[in-house]
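**Q** After the structure tokens below, expect a handful of questions from me.
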Amino acid sequence: MQPFTVHTGVGVPLRLSNVDTDQILPSKYLKRVTRSGYEDALFAAWRQSPDFVLNDAAFAGASVLVTGPDFGTGSSREVAVWALQDYGFRAVIAPRFGDIFRTNAGKSGLVAVELAEPLVLRLWELLDASPGSSLTVDLERNVVEAGNDFTEPFTLDEYTRWRLLNGLDDIAITLESEGDIAVFEQQRSPLKPRVGSRR
Amino acid sequence: MTGPRTIIQKIWQNQAIERPGKPDLLYIDLHFVHEVSSPQAFDGLRDTGRPVRRPELTMATEDHNVPTDTLLLNDPVSRLQVETLRRNCEEFGIELKRLGEAGQGIVHIIGPETGLTQPGMTIVCGDSHTSTHGALGALAFGIGTSEVEHVLATQTLPQTKPKTMAVTVTGRLPEGVASKDLALALIAQVGTGGGQGHIVEYRGEAIRALSIEARMSLCNMSIEWGARAGLVAPDETTFDYLRGRPYAPTGEDWEAAVDGWRQLASDEGAVFDREVTIDASTLSPFVTWGTNPGQGVPLDDSVPDPAEIGDPEEREAAARALAYMGLEPNTRMRDIAVDTVFIGSCTNSRIEDLRIAADVLRGRSIADGLRLLVVPGSMRVKQQAEDEHLDDVFLAAGAQWRGAGCSMCLGMNPDVVGPRERTASTSNRNFEGRQGPGARTHLVSPAVAAATAVTGRLTSPADLPERSRTESRWS
Ligand code: SF4
């Protein structure tokens with residue numbers, strides 16, 4: 001995973017709430033078995049409309065998505081995160097995320113920043129007032145910056161932040177506790193089922 | 001911790017491996033795998049040379065993209081995905097239930113029905129409706145593909161302690177009102193983000209009175225209001241359900257297991273981070289009008305008028321949903337005509353759901369021009385339904401009787417709803433395009449789905465005219 005420290009890039013306002021993962025990545029693209037190359041699939045249904053904000057040339061090359069509450073609810077598909085990354089997004093800012101989406105983002109290196117709704121509204125206004133302007137997501141200082149008078153703190157759980165800052169592989173970290181896992185397994189109830197053991 | 005504990009805290013403490021300065025590792029007792037969310041996870045194992053730590057705690061099935069009217073995988077992209085799963089299971093030694101085999105079915109149906117799902121277990125799957133297994137008192141939640149790889153490699157997941165929530169359902173559900181209606185009413189009340197970050201215990205008189213299968217429909221929908229997981233503490237109903245199932249313990253082991261399961265109930269005085277109460281006795285059949293599961297009303301009501309919604313964001317979301325759904329404000333829900341009815345999905349495709357639907361359809365015919373798909377959740381459910389001759393009832397009514405799979409719940413297999421086509425569906429998501437590009441979905445219970453198929457409009461069984469004597473001779 002690529003480390004994430006400070007990122008500055010074009011912000012794009014997606015003025016919608018409840019953007020579920022079926023919208024971020026429609027299910028027909030779920031049939032692929034690859035891990036990359038999903039940029040065409042991102043918001044595929046909505047992108048057919050010329051009015052969709054990602055089709056606005058002013059936001060070309062956007063890398064920070066600013067959207068409404070309950071982004072990434074619904075299906076657990078991690079491909080929704082990969083598609084955002086393949087398109088070029090490094091961070092998503094929203095008042096609230098679907099739990100699984102937020103976890104998936106943390107695992108894949110997409111930074112999911114929670115900012116309260118009034119702050120998101122302010123960012124939308126800023127981005128609409130000067131389309132194509134940049135935002136900064138600073139994970140070292142835990143702040144979002146936009147223009148001269150927008151500097152707002154955010155929190156990310158410490159473990160995820162530490163992994164993102166250092167680009168660390170979660171599985172390798174867990175395997176450092178291999179001894180403890182083995183001890184746990186020895187004490188685990190033998191009554192629990194094992195696949196293939198049924199009568 | 002000492003003092004009274006919730007069932008959630010008890011399971012957590014039993015399963016957590018503590019690490020200084022890092023989140024606990026939660027040991028996973030059972031991991032379900034399917035063709036869609038797993039290929040890249042197995043690739044990850046191969047890339048890093050890691051084995052599957054405990055293949056015997058993993059079970060795989062083919063459900064999401066498989067057809068339900070043939071055993072042939074005609075779509076080459078789907079076939080590649082299924083064949084990839086078959087190769088991966090072979091290579092890593094994981095038991096796989098293949099399309100058409102007796103044990104195959106939707107991932108959240110086959111766990112409980114075989115008794116693999118048991119109280120107190122931690123269960124995960126790369127699928128958000130894993131919460132279904134909570135009906136048996138398991139702590140079960142959906143994960144993404146990176147986590148699938150993590151569980152395969154380590155049989156654990158790093159997890160921060162969840163917030164806990166109690167949903168207490170008082171009173172009893174009135175006759176003809178299902179746990180699906182309760183779920184839809186609850187989501188309309190708390191909102192789609194209402195449970196975010198929480199694991200929920202459903203409790204109270206109404207929950208105790210529910211069958212295990214009805215509890216599954218309720219726990220299944222937990223994710224639709226943002227909850228990470230939902231569960232019901234095990235009780236006699238749970239033990240009766242599990243006794244004698246293939247993976248249930250037997251003899252002395254059974255007694256010992258039940259003794260342990262009884263300890264799981266939340267202690268008197270245990271404190272939850274949040275509590276919600278809902279009165280079951282006031283509920284009636286519930287249906288959705290919009291494009292998220294929280295946009296629902298009682299069937300007796302009408303489509304809301306966005307102009308009357310105070311919150312600007314909700315108003316805009318409602319207007320957008322009505323435009324997508326092709327609905328006018330204030331239309332009576334009962335006046336909405338549908339083209340297709342889907343009875344299936346991990347929410348409502350178990351034998352009880354099919355019995356309810358068959359009771360409504362027995363001696364009746366579906367409306368002219370309407371398409372009704374009845375899709376059992378597993379091959380076991382299919383077999384049992386056929387043993388009870390429910391398939392005859394469905395076929396006589398004019399329905400299609402299919403093989404097991406996710407089918408029309410999501411638009412990634414051949415069973416899709418066409419653009420602007422309207423469907424009443426027993427599944428769990430009415431998102432834009434969920435059942436096919438442009439598809440318009442109304443979420444309903446199995447009873448409402450069956451009655452709707454008869455009239456062609458959103459209908460509850462109580463609205464239907466009496467059957468003649470001969471027609472209803474089996475009911
Ligand atoms: S039936 Fe629908 S919700 Fe359930 S596992 Fe299949 S696709 Fe997911």
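We name chains A, B, ... following the order of the structure tokens; residues begin at 1 in each chain, and ligands are numbered from 1 as shown.
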Mind checking which residues fall within 12 Å of Glu313 in chain B, counting only C-alpha atoms, ignoring those fewer than 6 positions away in the same chain, and posting them as a PyMOL selection string?
**A** (chain A and resi 15-18+68-69+117+121) or (chain B and resi 306-307+319-320)
**Q** Give me the residues within 9 Å of Asp170 in chain A as a list in words, counting only C-alpha atoms and dropping any in the same chain fewer than 4 places off.
**A**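 Those residues are Lys107, Arg163, Thr174 and Leu175 of chain A; His150 and Pro158 of chain B.
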**Q** Please identify the strand (DSSP E or B) residues within range 152-307 of chain B (assignment by DSSP from backbone atoms) and present them as a ChimeraX atom specification.
**A** /B:156-159,163-170,198-203,229-231,274-279,286-288,296-298,302
**Q** Return as number ranges by chain every polymer residue, whether protein, DNA or RNA, with at least one atom no more than 9 Å from an atom of ligand 1; count only C-alpha atoms and all ligand atoms.
**A** A: 75; B: 63-65, 106-109, 127-130, 220, 344-349, 377, 405-412, 427-429
**Q** Write the residues of the preceding selection, restricted to N, CA, C and O atoms, as a compact mmCIF listing (two decimals), in the first residue's frame.
**A**
```
# COMPACT_ATOMS: atom_id res chain seq x y z
N SER A 75 -23.91 -2.60 -0.16
CA SER A 75 -23.08 -3.77 -0.45
C SER A 75 -21.64 -3.59 0.03
O SER A 75 -21.08 -2.50 -0.01
N ASP B 63 -23.30 -18.41 -5.61
CA ASP B 63 -24.66 -17.91 -5.46
C ASP B 63 -24.96 -16.61 -6.20
O ASP B 63 -26.01 -16.45 -6.80
N HIS B 64 -24.02 -15.65 -6.21
CA HIS B 64 -24.37 -14.31 -6.68
C HIS B 64 -24.61 -14.22 -8.19
O HIS B 64 -25.56 -13.58 -8.62
N ASN B 65 -23.70 -14.79 -8.96
CA ASN B 65 -23.82 -14.55 -10.41
C ASN B 65 -24.35 -15.74 -11.19
O ASN B 65 -24.47 -15.68 -12.41
N ILE B 106 -27.70 -19.72 -1.35
CA ILE B 106 -27.21 -18.40 -0.94
C ILE B 106 -26.42 -18.56 0.35
O ILE B 106 -26.84 -19.27 1.27
N VAL B 107 -25.31 -17.89 0.40
CA VAL B 107 -24.35 -18.05 1.49
C VAL B 107 -25.01 -17.92 2.87
O VAL B 107 -24.70 -18.67 3.79
N HIS B 108 -25.96 -17.01 3.01
CA HIS B 108 -26.56 -16.80 4.34
C HIS B 108 -27.74 -17.73 4.62
O HIS B 108 -28.34 -17.69 5.68
N ILE B 109 -28.07 -18.56 3.64
CA ILE B 109 -29.11 -19.57 3.87
C ILE B 109 -28.44 -20.88 4.30
O ILE B 109 -28.91 -21.55 5.21
N ASP B 127 -19.74 -10.15 2.28
CA ASP B 127 -21.09 -9.84 1.87
C ASP B 127 -21.79 -9.13 3.03
O ASP B 127 -21.74 -9.62 4.16
N SER B 128 -22.43 -8.03 2.75
CA SER B 128 -22.93 -7.19 3.84
C SER B 128 -24.09 -7.82 4.61
O SER B 128 -24.35 -7.42 5.74
N HIS B 129 -24.77 -8.80 4.04
CA HIS B 129 -25.92 -9.38 4.75
C HIS B 129 -25.56 -10.55 5.66
O HIS B 129 -26.42 -11.33 6.06
N THR B 130 -24.27 -10.65 5.98
CA THR B 130 -23.81 -11.68 6.91
C THR B 130 -24.51 -11.54 8.26
O THR B 130 -24.61 -12.51 9.02
N ASN B 220 -31.02 -9.82 8.98
CA ASN B 220 -30.54 -9.60 7.62
C ASN B 220 -30.55 -8.12 7.26
O ASN B 220 -29.61 -7.60 6.65
N GLY B 344 -37.68 -14.15 -3.16
CA GLY B 344 -36.38 -14.79 -3.05
C GLY B 344 -35.43 -13.92 -2.24
O GLY B 344 -35.87 -13.03 -1.52
N SER B 345 -34.14 -14.20 -2.33
CA SER B 345 -33.03 -13.49 -1.67
C SER B 345 -32.80 -13.99 -0.25
O SER B 345 -33.68 -14.62 0.35
N CYS B 346 -31.65 -13.65 0.31
CA CYS B 346 -31.32 -14.10 1.67
C CYS B 346 -32.22 -13.46 2.71
O CYS B 346 -32.20 -13.88 3.87
N THR B 347 -33.02 -12.48 2.33
CA THR B 347 -33.98 -11.92 3.28
C THR B 347 -35.20 -12.82 3.41
O THR B 347 -35.68 -13.07 4.51
N ASN B 348 -35.71 -13.30 2.31
CA ASN B 348 -37.00 -14.03 2.33
C ASN B 348 -37.05 -15.15 1.30
O ASN B 348 -37.84 -15.08 0.35
N SER B 349 -36.24 -16.17 1.48
CA SER B 349 -36.35 -17.32 0.55
C SER B 349 -36.24 -18.63 1.29
O SER B 349 -35.85 -19.64 0.71
N GLY B 377 -33.91 -20.18 -1.56
CA GLY B 377 -32.60 -19.70 -1.17
C GLY B 377 -31.51 -20.75 -1.26
O GLY B 377 -30.34 -20.42 -1.34
N GLY B 405 -30.27 -19.44 -5.67
CA GLY B 405 -29.25 -18.41 -5.90
C GLY B 405 -29.78 -17.04 -5.52
O GLY B 405 -30.93 -16.89 -5.10
N CYS B 406 -28.92 -16.04 -5.67
CA CYS B 406 -29.30 -14.67 -5.33
C CYS B 406 -30.31 -14.11 -6.33
O CYS B 406 -31.10 -13.23 -6.00
N SER B 407 -30.23 -14.58 -7.55
CA SER B 407 -31.22 -14.27 -8.57
C SER B 407 -31.45 -12.76 -8.69
O SER B 407 -30.51 -11.97 -8.76
N MET B 408 -32.71 -12.37 -8.66
CA MET B 408 -33.11 -11.00 -8.99
C MET B 408 -32.83 -10.00 -7.87
O MET B 408 -33.20 -8.83 -7.96
N CYS B 409 -32.16 -10.46 -6.80
CA CYS B 409 -31.83 -9.52 -5.73
C CYS B 409 -30.83 -8.48 -6.19
O CYS B 409 -30.86 -7.34 -5.77
N LEU B 410 -29.92 -8.89 -7.06
CA LEU B 410 -28.93 -7.94 -7.58
C LEU B 410 -28.71 -8.23 -9.05
O LEU B 410 -28.79 -9.37 -9.46
N GLY B 411 -28.46 -7.21 -9.83
CA GLY B 411 -28.44 -7.39 -11.28
C GLY B 411 -27.15 -7.95 -11.82
O GLY B 411 -26.58 -7.38 -12.74
N MET B 412 -26.65 -9.05 -11.29
CA MET B 412 -25.41 -9.58 -11.87
C MET B 412 -25.50 -11.02 -12.35
O MET B 412 -24.51 -11.66 -12.63
N SER B 427 -36.60 -8.85 -1.55
CA SER B 427 -35.18 -8.68 -1.24
C SER B 427 -34.98 -7.49 -0.30
O SER B 427 -35.92 -7.02 0.34
N ASN B 428 -33.77 -6.98 -0.23
CA ASN B 428 -33.44 -6.01 0.81
C ASN B 428 -33.02 -4.64 0.33
O ASN B 428 -32.79 -3.75 1.12
N ARG B 429 -32.84 -4.48 -0.98
CA ARG B 429 -32.33 -3.19 -1.46
C ARG B 429 -33.13 -2.70 -2.65
O ARG B 429 -33.32 -3.42 -3.62
```
**Q** Tell me which protein, DNA and RNA residues are within 12 Å of Ala214 in chain B, counting only C-alpha atoms, leaving out same-chain ones fewer than 3 positions away, and put them as a count of residues only.
**A** 38
**Q** Which is closest to chain B among A:Phe101, A:Trp124, A:Phe43, A:Tyr87, if we use only C-alpha atoms?
**A**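 Ranked by minimum distance to chain B, first place goes to A:Phe101.
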**Q** Any idea which chain A residues end up within 6 Å of chain B if we count only C-alpha atoms, as a list in words please?
**A**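 Matching residues, ligands excluded from the count: Ser27, Lys28, Lys31, Val33, Ser75, Ser76, Glu78, Asn104, Ile171, Arg194, Val195, Arg198 and Arg199 of chain A.
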**Q** Taking the DSSP secondary structure from the backbone, can you list the residues of range 261-317 of chain B that are alpha helix (DSSP H), as a VMD selection string?
**A** chain B and resid 261 to 262 312 to 317
